[in-house]
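First the structure, in the form of structure tokens, and then the observations on it.
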Amino acid sequence: MEHPIYVLSSCPLFQGLTEEEISRALECLPGRAARYPRGGMLSPAEDAAGSVGIVLEGRVHIVTEDFWGNQGILGEAGPGQVFGESLACFPQAAAGIHVLAVEDSLLLFLPLDRLLSPCGSACPFHARIIRNLAAVLAEKNLLLTRKAEHMSQRSLRKKLLSYLSWQAKLHGSPCFSIPFNRQQLADYLAVDRSALSAELSRMRREKLLDFQKQWFCLGPEEEGESHAKNFSRLQ
């Protein structure tokens, strides 16, 4: 299957490589591409054992499931983003962790052992890919630390404010879109969905924020500029 190079060019694993170098790298890496319908689930420990995943199309969530079937969201990945790299490095930790396609998705799996082992052709870009993989692992560790920071807040409101404040900083704007719907946001923060929706409504009445589905604006409306106009412009 032909891989969309323009998507891989934005992938942090191939940062600093030209499209030609990415094409040559893929010739050295026996990758496997697979399509998953919305709602499709795969197990890193079985379906993608020892592989680093890249989203070519769609979006996936990394979810945990306990003995009773309760789910939580560890993270998410969209086009050009990497997932499963930590589990590929430490497969013993993959028990109870799954990858859920929240949209129809095309995923590329690259074997970790080939990523970490320079090929016989001594490709000059292979060392760059290894350094990029180390950077991806470091970034994911920071993201999990940030998630722990949100969840450690003592009240539901503080959890929400911690998460939404972080998103505003990421987007560089008080108006932004988050990658979760209400149930997914509740799963990510490990809270009850009804309680989360009620708290958001209270925060809107108090003019701390406004929202439309996955779009949020923090703070009161500025004079002459309504949040409705902001949402319309952003969408």
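Chains: A, B, ... in order of the structure tokens. Residues: from 1 per chain. Ligands: from 1, in order shown.
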
Inset, instruction - Extract, using only C-alpha atoms, all DNA, RNA and protein residues at most 12 Å from Glu139 in chain A, discarding same-chain residues fewer than 3 positions from it, and format them as a PyMOL selection string. - result: chain A and resi 12-13+81-83+85-86+132-136+142-146

Legend entry - Who sits within 6 Å of range 107-116 of chain A, only C-alpha atoms, same chain under 6 positions skipped, as a PyMOL selection string: chain A and resi 31-34+50-56

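Near Tyr163 in chain A, within 12 Å and counting only C-alpha atoms, sit Leu143, Arg146, Lys147, Ala148, Glu149, His150, Met151, Ser152, Gln153, Leu156, Arg157, Lys158, Lys159, Gln167, Ala168, Lys169, Leu170, Ile178, Pro179, Phe180, Leu185, Ala186, Tyr188, Leu189, Phe216 and Leu218 of chain A, not including residues fewer than 4 positions from it in the same chain.
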
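Minimum atom-to-atom distance to Gly80 in chain A, evaluated using only C-alpha atoms, belongs to A:Leu8 out of A:Leu8, A:Ala48, A:Gly96, A:Met41.
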
Inset, instruction - Select, from A:Gly40, A:Leu161, A:Asn141, A:His61, the residue with the minimum atom-to-atom distance to Asp104 in chain A, counting only C-alpha atoms. - result: A:Gly40

Inset, instruction - For Leu87 in chain A, list every protein, DNA or RNA residue within 8 Å, evaluated using only C-alpha atoms, and leave out those in the same chain fewer than 4 positions away; present the list as a ChimeraX atom specification. - result: /A:44-45,50,91-94

Serialized selection, N, CA and C atoms, as a PDB file, in the first residue's frame:
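New file out34.pdb:
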ATOM      1  N   PRO A  44      -2.009  -3.855  21.341  1.00  0.00           N
ATOM      2  CA  PRO A  44      -0.570  -3.715  21.072  1.00  0.00           C
ATOM      3  C   PRO A  44       0.203  -4.982  21.399  1.00  0.00           C
ATOM      4  N   ALA A  45      -0.291  -5.763  22.359  1.00  0.00           N
ATOM      5  CA  ALA A  45       0.423  -6.970  22.771  1.00  0.00           C
ATOM      6  C   ALA A  45       0.250  -8.108  21.767  1.00  0.00           C
ATOM      7  N   GLY A  50       5.541  -5.435  19.290  1.00  0.00           N
ATOM      8  CA  GLY A  50       6.865  -4.983  18.913  1.00  0.00           C
ATOM      9  C   GLY A  50       6.898  -3.932  17.824  1.00  0.00           C
ATOM     10  N   PRO A  91       6.932  -4.433  26.171  1.00  0.00           N
ATOM     11  CA  PRO A  91       5.687  -5.152  25.890  1.00  0.00           C
ATOM     12  C   PRO A  91       5.030  -5.765  27.119  1.00  0.00           C
ATOM     13  N   GLN A  92       5.802  -5.995  28.204  1.00  0.00           N
ATOM     14  CA  GLN A  92       5.205  -6.574  29.409  1.00  0.00           C
ATOM     15  C   GLN A  92       4.145  -5.662  30.011  1.00  0.00           C
ATOM     16  N   ALA A  93       4.195  -4.374  29.685  1.00  0.00           N
ATOM     17  CA  ALA A  93       3.240  -3.413  30.253  1.00  0.00           C
ATOM     18  C   ALA A  93       1.981  -3.275  29.415  1.00  0.00           C
ATOM     19  N   ALA A  94       1.855  -4.054  28.329  1.00  0.00           N
ATOM     20  CA  ALA A  94       0.749  -3.875  27.397  1.00  0.00           C
ATOM     21  C   ALA A  94      -0.559  -4.523  27.859  1.00  0.00           C
TER      22      ALA A  94
END

Inset, instruction - Taking the DSSP assignment computed from this structure's backbone, write out as an NGL selection string all residues of range 43-234 of chain A that belong to helix (DSSP H, G or I). - result: :A and (85-89 or 91-94 or 112-116 or 126-151 or 156-171 or 182-189 or 193-205 or 227-234)

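Of the residues listed (A:Tyr36, A:Ile97, A:Arg154, A:Phe176), A:Ile97 shows the shortest atom-to-atom separation from Phe67 in chain A; distances use only C-alpha atoms.
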
Inset, instruction - Quick one: everything within 12 Å of Gln184 in chain A, counting only C-alpha atoms, minus sequence neighbours fewer than 4 positions away in the same chain. Send it as a count of residues only. - result: 24

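For the choices A:Arg128, A:His171, A:Arg38, A:Arg204, the atom-to-atom distance to Ser105 in chain A is smallest for A:Arg38 when using only C-alpha atoms.
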
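Rounded to one decimal, CA of Phe125 in chain A and CA of Cys89 in chain A lie 21.1 Å from each other.
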
Inset, instruction - Using backbone DSSP assignments, extract all strand (DSSP E) residues from range 84-183 of chain A; output them as a PyMOL selection string. - result: chain A and resi 97-101+105-111+175-177
